[in-house]
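Pasting data-v8.txt here (compact mmCIF, C-alpha atoms and all ligand atoms):
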# COMPACT_ATOMS: atom_id res chain seq x y z
CA MET A 1 0.00 0.00 0.00
CA SER A 2 1.13 3.55 -0.71
CA SER A 3 1.59 6.22 1.91
CA ARG A 4 -1.70 8.03 1.67
CA HIS A 5 -2.58 9.19 5.13
CA GLY A 6 -5.71 11.15 4.50
CA VAL A 7 -8.47 11.84 2.06
CA PHE A 8 -10.91 14.71 1.60
CA ILE A 9 -14.51 13.74 0.95
CA THR A 10 -16.53 16.25 -1.02
CA GLY A 11 -19.86 15.92 -2.75
CA THR A 12 -22.03 17.25 -5.52
CA ASP A 13 -24.11 19.07 -2.91
CA THR A 14 -25.28 18.89 0.66
CA GLU A 15 -27.29 15.75 1.61
CA VAL A 16 -25.73 13.54 -1.05
CA GLY A 17 -24.10 10.94 1.19
CA LYS A 18 -20.69 12.36 2.18
CA THR A 19 -21.17 11.30 5.79
CA HIS A 20 -22.69 7.96 4.80
CA TYR A 21 -19.72 7.16 2.56
CA SER A 22 -17.11 8.55 4.99
CA CYS A 23 -18.42 6.31 7.78
CA ARG A 24 -18.46 3.26 5.53
CA LEU A 25 -14.92 4.06 4.43
CA LEU A 26 -13.80 4.37 8.07
CA ARG A 27 -15.41 1.02 8.96
CA THR A 28 -13.77 -0.64 5.95
CA LEU A 29 -10.36 0.74 6.94
CA ASN A 30 -10.92 -0.38 10.54
CA LYS A 31 -11.65 -3.92 9.30
CA GLN A 32 -8.38 -3.81 7.36
CA GLY A 33 -6.52 -3.18 10.60
CA LYS A 34 -5.82 0.52 10.00
CA SER A 35 -6.04 3.09 12.74
CA THR A 36 -8.47 5.78 11.64
CA ALA A 37 -9.41 9.33 12.58
CA ALA A 38 -12.05 11.63 11.17
CA MET A 39 -12.64 15.32 10.90
CA LYS A 40 -15.62 17.50 10.10
CA PRO A 41 -13.77 20.82 10.19
CA VAL A 42 -16.81 23.00 9.61
CA ALA A 43 -20.41 22.13 10.39
CA SER A 44 -23.54 24.23 10.35
CA GLY A 45 -26.59 22.62 11.87
CA ALA A 46 -26.03 21.57 15.46
CA GLU A 47 -27.84 21.00 18.73
CA TYR A 48 -26.90 21.56 22.32
CA VAL A 49 -26.00 18.34 24.15
CA ASP A 50 -25.05 18.92 27.80
CA ALA A 51 -24.68 22.63 27.02
CA ARG A 52 -22.27 22.03 24.13
CA LEU A 53 -23.01 22.34 20.45
CA ARG A 54 -22.81 19.02 18.65
CA ASN A 55 -23.21 18.30 14.96
CA ASP A 56 -24.57 14.95 13.89
CA ASP A 57 -22.03 14.39 11.07
CA ALA A 58 -19.15 14.90 13.49
CA LEU A 59 -20.74 12.50 15.99
CA GLN A 60 -21.24 9.86 13.30
CA LEU A 61 -17.65 10.22 12.11
CA LEU A 62 -16.29 10.06 15.65
CA GLY A 63 -18.35 6.91 16.18
CA ALA A 64 -16.97 5.27 13.04
CA ALA A 65 -13.27 6.11 13.55
CA ASN A 66 -11.31 3.72 15.74
CA THR A 67 -9.00 6.21 17.46
CA THR A 68 -10.33 8.55 20.13
CA THR A 69 -10.51 12.24 19.34
CA ASP A 70 -11.91 15.15 21.35
CA TYR A 71 -14.99 16.60 19.81
CA ALA A 72 -13.35 20.00 19.27
CA THR A 73 -10.37 18.53 17.43
CA CYS A 74 -12.71 16.73 15.03
CA ASN A 75 -15.07 19.66 14.61
CA PRO A 76 -13.42 22.99 15.50
CA TYR A 77 -16.14 25.08 13.83
CA CYS A 78 -19.66 24.13 14.79
CA PHE A 79 -22.64 26.45 14.31
CA GLU A 80 -26.20 25.98 15.41
CA PRO A 81 -28.23 27.14 12.38
CA ALA A 82 -28.20 25.00 9.25
CA ILE A 83 -27.20 27.89 6.99
CA ALA A 84 -24.22 28.63 4.73
CA PRO A 85 -21.13 28.22 6.94
CA HIS A 86 -19.59 31.65 6.32
CA LEU A 87 -22.92 33.24 7.28
CA ALA A 88 -23.29 31.01 10.33
CA ALA A 89 -19.75 31.95 11.39
CA ARG A 90 -20.43 35.64 10.90
CA GLN A 91 -23.65 35.39 12.89
CA ALA A 92 -21.71 33.70 15.71
CA GLY A 93 -19.08 36.46 15.60
CA GLN A 94 -16.39 34.04 14.39
CA CYS A 95 -14.16 33.69 11.39
CA ILE A 96 -13.29 30.24 10.01
CA GLU A 97 -9.51 30.05 9.78
CA LEU A 98 -7.80 27.44 7.64
CA ASP A 99 -4.68 27.61 9.83
CA VAL A 100 -6.67 26.48 12.86
CA ILE A 101 -8.16 23.57 10.90
CA ALA A 102 -4.73 22.62 9.56
CA GLU A 103 -3.32 22.47 13.12
CA HIS A 104 -6.10 20.15 14.21
CA PHE A 105 -5.61 18.00 11.14
CA LEU A 106 -1.90 17.68 11.89
CA GLN A 107 -2.73 16.33 15.32
CA LEU A 108 -5.08 13.70 13.89
CA GLU A 109 -2.66 12.79 11.15
CA GLN A 110 -0.09 11.95 13.82
CA GLN A 111 -2.44 9.73 15.78
CA ALA A 112 -3.89 7.58 12.99
CA ASP A 113 -2.79 5.75 9.84
CA ILE A 114 -5.48 7.52 7.87
CA THR A 115 -7.66 10.55 8.52
CA ILE A 116 -10.91 11.08 6.65
CA VAL A 117 -11.94 14.73 6.31
CA GLU A 118 -15.52 15.46 5.35
CA GLY A 119 -16.12 18.79 3.63
CA VAL A 120 -19.23 20.90 4.06
CA GLY A 121 -21.80 21.16 1.28
CA GLY A 122 -20.02 21.03 -2.09
CA TRP A 123 -16.65 22.10 -3.47
CA GLN A 124 -17.15 25.84 -3.72
CA VAL A 125 -18.99 26.55 -0.53
CA PRO A 126 -17.52 29.75 0.99
CA LEU A 127 -15.93 29.43 4.44
CA ASN A 128 -14.99 33.07 4.98
CA GLU A 129 -14.50 36.21 2.89
CA SER A 130 -11.74 34.69 0.78
CA ASP A 131 -11.61 30.90 1.21
CA CYS A 132 -13.93 28.12 0.18
CA VAL A 133 -13.97 24.33 0.66
CA ALA A 134 -11.53 23.93 -2.25
CA ASP A 135 -9.00 26.17 -0.42
CA LEU A 136 -9.38 24.03 2.68
CA ALA A 137 -8.65 20.82 0.76
CA LEU A 138 -5.65 22.55 -0.84
CA ARG A 139 -4.41 23.74 2.55
CA LEU A 140 -4.56 20.16 3.87
CA ARG A 141 -3.01 18.91 0.62
CA LEU A 142 -5.31 15.92 0.49
CA PRO A 143 -6.44 13.82 -2.44
CA VAL A 144 -10.17 14.07 -3.03
CA ILE A 145 -13.09 11.69 -3.49
CA LEU A 146 -16.32 13.08 -4.93
CA VAL A 147 -19.59 11.62 -3.65
CA VAL A 148 -22.38 11.92 -6.20
CA GLY A 149 -25.92 11.74 -4.84
CA LEU A 150 -27.92 9.98 -7.55
CA ARG A 151 -30.84 12.27 -8.21
CA LEU A 152 -32.06 14.47 -11.02
CA GLY A 153 -29.32 16.97 -11.87
CA CYS A 154 -26.49 14.72 -10.68
CA ILE A 155 -24.83 14.43 -14.09
CA ASN A 156 -24.34 18.17 -14.42
CA HIS A 157 -23.31 18.53 -10.76
CA SER A 158 -20.77 15.74 -10.94
CA LEU A 159 -19.15 17.01 -14.15
CA LEU A 160 -18.91 20.57 -12.83
CA SER A 161 -17.54 19.45 -9.46
CA ALA A 162 -14.99 17.04 -10.94
CA GLN A 163 -13.74 19.71 -13.33
CA ALA A 164 -13.32 22.20 -10.49
CA ILE A 165 -11.45 19.66 -8.34
CA ILE A 166 -9.11 18.75 -11.18
CA ASP A 167 -8.56 22.45 -11.97
CA SER A 168 -7.56 23.06 -8.34
CA GLY A 169 -4.52 20.85 -8.93
CA LEU A 170 -5.47 18.32 -6.26
CA GLU A 171 -5.66 14.66 -7.12
CA LEU A 172 -9.19 13.43 -7.73
CA LEU A 173 -9.00 9.75 -6.80
CA GLY A 174 -12.42 8.91 -8.10
CA TRP A 175 -16.12 9.30 -7.50
CA VAL A 176 -18.74 7.35 -5.62
CA ALA A 177 -22.28 6.82 -6.93
CA ASN A 178 -24.59 6.95 -3.92
CA GLY A 179 -28.22 5.90 -4.09
CA ILE A 180 -29.93 8.57 -2.02
CA GLU A 181 -33.31 8.06 -3.68
CA LYS A 182 -35.21 4.84 -3.29
CA ASP A 183 -36.51 4.62 -6.84
CA PHE A 184 -34.33 6.90 -8.92
CA PRO A 185 -35.37 6.30 -12.54
CA MET A 186 -32.64 5.27 -15.01
CA LEU A 187 -30.08 4.88 -12.24
CA GLU A 188 -27.70 2.73 -14.27
CA GLU A 189 -27.95 5.01 -17.29
CA ASN A 190 -27.14 8.02 -15.12
CA ILE A 191 -24.10 6.26 -13.67
CA ALA A 192 -22.98 5.29 -17.18
CA ALA A 193 -23.41 8.88 -18.41
CA ILE A 194 -21.14 10.16 -15.64
CA GLU A 195 -18.65 7.33 -16.07
CA GLN A 196 -18.30 8.06 -19.79
CA ARG A 197 -17.55 11.72 -19.16
CA LEU A 198 -15.26 11.70 -16.12
CA PRO A 199 -11.54 10.99 -16.45
CA VAL A 200 -11.43 9.25 -13.04
CA PRO A 201 -12.86 5.90 -11.94
CA CYS A 202 -16.15 5.22 -10.21
CA LEU A 203 -14.83 3.71 -6.97
CA ASP A 204 -18.11 2.43 -5.58
CA ILE A 205 -21.78 2.18 -6.35
CA LEU A 206 -23.62 2.31 -3.03
CA PRO A 207 -27.24 1.28 -3.39
CA TRP A 208 -30.10 2.91 -1.52
CA GLN A 209 -30.06 1.25 1.86
CA GLN A 210 -33.19 1.17 3.93
CA ASN A 211 -31.77 0.31 7.32
CA ARG A 212 -28.60 2.28 7.81
CA LYS A 213 -28.41 1.65 11.54
CA ASN A 214 -27.37 -1.97 11.11
CA ASN A 215 -23.90 -1.87 9.65
CA HIS A 216 -22.67 -5.21 10.97
CA ASP A 217 -22.60 -7.02 7.67
CA GLU A 218 -22.35 -4.10 5.27
CA PRO A 219 -20.03 -4.73 2.32
CA SER A 220 -16.63 -3.06 2.40
CA VAL A 221 -16.02 -0.10 0.13
CA ASN A 222 -13.21 0.06 -2.40
CA ILE A 223 -9.89 1.11 -0.88
CA SER A 224 -7.67 0.21 -3.83
CA TRP A 225 -6.72 3.91 -4.15
CA LEU A 226 -5.03 3.88 -0.72
N1 LIG B 1 -27.10 4.92 0.25
C1 LIG B 1 -28.05 5.50 1.00
N2 LIG B 1 -29.24 4.89 1.18
C2 LIG B 1 -30.21 5.47 1.89
N3 LIG B 1 -30.09 6.65 2.50
C3 LIG B 1 -28.92 7.30 2.39
C4 LIG B 1 -27.84 6.77 1.63
N4 LIG B 1 -26.81 7.65 1.68
C5 LIG B 1 -27.23 8.67 2.45
N5 LIG B 1 -28.48 8.47 2.87
C6 LIG B 1 -29.28 9.36 3.71
O1 LIG B 1 -29.39 10.62 3.05
C7 LIG B 1 -29.20 11.69 3.97
C8 LIG B 1 -27.99 12.50 3.55
O2 LIG B 1 -26.82 11.70 3.69
P1 LIG B 1 -25.49 12.28 4.34
O3 LIG B 1 -24.48 11.19 4.29
O4 LIG B 1 -25.80 12.88 5.65
O5 LIG B 1 -25.18 13.41 3.26
P2 LIG B 1 -24.12 14.63 3.32
O6 LIG B 1 -23.07 14.23 4.31
O7 LIG B 1 -23.62 14.75 1.92
O8 LIG B 1 -24.91 15.83 3.72
C9 LIG B 1 -29.06 11.05 5.35
O9 LIG B 1 -30.31 11.00 5.98
C10 LIG B 1 -28.56 9.65 5.03
O10 LIG B 1 -28.89 8.73 6.03
MG MG B 2 -22.46 15.21 5.99
This entry written out as structure tokens:
Amino acid sequence: MSSRHGVFITGTDTEVGKTHYSCRLLRTLNKQGKSTAAMKPVASGAEYVDARLRNDDALQLLGAANTTTDYATCNPYCFEPAIAPHLAARQAGQCIELDVIAEHFLQLEQQADITIVEGVGGWQVPLNESDCVADLALRLRLPVILVVGLRLGCINHSLLSAQAIIDSGLELLGWVANGIEKDFPMLEENIAAIEQRLPVPCLDILPWQQNRKNNHDEPSVNISWL
């Protein structure tokens, strides 16, 4: 295996399956005997638990990784309203700083064989006045996997996102077709249309899964890119 020690998970949009895929990837890596850590650097949409703001993605990632991380190291920027992160930060009187995220990432990178970093929304979501998710991935110098939520519009969104990732100069390892709709019409044809047009491989096709709580016998995801 090569020396990849982290990967950045982005998606065609919000609610496309980034967290779902990231957790499955963590569980696959755990089964392979790797030590894993996870980060959700920026989250908007959180609830108070014991007087502290907690985001569900970060909690799911922390639950799937097999090394122990403090909540704040995993998720340094956590905002209560589910609104655009730079607006949520502004409303909270904060500024999202890539340097702070990079410091936290360094800590995780030292504690685990591989660290999975989940982005927020899609590739060009603003984080502050000058940086967006793409700048964060660049700052962490991580290869990228694009999760495509299979729904109407996904062909356009995946082609635009993949082009932007490639243009950023980062390595796009591949894309994941995720079945977020139970009966998406022409699913295979949509996957084929994306496959024909993207220069990177489809790493996994994850079908719509009714019961996502039971992950005992879920199939492993593809980690051949590692
Ligand atoms: N393959 C799937 N089958 C069924 N439901 C899914 C699947 N992938 C994601 N979901 C559901 O869709 C919603 C969005 O997924 P999530 O992973 O949270 O997306 P993102 O992290 O991109 O916002 C969640 O409720 C999740 O449980
Ligand atoms: Mg998520």
How would you report the residues lying within 6 Å of ligand LIG 1 (chain B), as a list in words, if you count all atoms listed in the file?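 Answer in the requested format: Thr14, Glu15, Val16, Gly17, Lys18, Thr19, His20, Asn178, Gly179, Ile180, Leu206, Pro207, Trp208, Gln209 and Gln210 of chain A.
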What's around Ile83 (chain A) at 9 Å? Count only C-alpha atoms, leave out sequence neighbours fewer than 4 positions away in its own chain, and write the answer as a PDB file with C-alpha atoms, keeping the file's coordinate frame.
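Result written to selection.pdb:
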ATOM      1  CA  SER A  44     -23.540  24.230  10.350  1.00  0.00           C
ATOM      2  CA  GLY A  45     -26.590  22.620  11.870  1.00  0.00           C
ATOM      3  CA  PHE A  79     -22.640  26.450  14.310  1.00  0.00           C
ATOM      4  CA  LEU A  87     -22.920  33.240   7.280  1.00  0.00           C
ATOM      5  CA  ALA A  88     -23.290  31.010  10.330  1.00  0.00           C
TER       6      ALA A  88
END
Could you jot down the CA of Glu129 (chain A) to CA of His104 (chain A) separation for me, Å, one decimal place?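 Straight-line distance from CA of Glu129 (chain A) to CA of His104 (chain A) works out to 21.4 Å.
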Residues at most 10 Å from ligand MG 2 (chain B), using all atoms listed in the file? Could they come as a list in words? Ile9, Thr10, Gly11, Asp13, Thr14, Glu15, Val16, Gly17, Lys18, Thr19, His20, Tyr21, Ser22, Cys23, Lys40, Ala43, Asn55, Asp56, Asp57, Ala58, Gln60, Leu61, Glu118, Gly119, Val120 and Gly121 of chain A
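Coordinates place CA of Ile145 (chain A) at a distance of 28.0 Å from CA of Leu53 (chain A).
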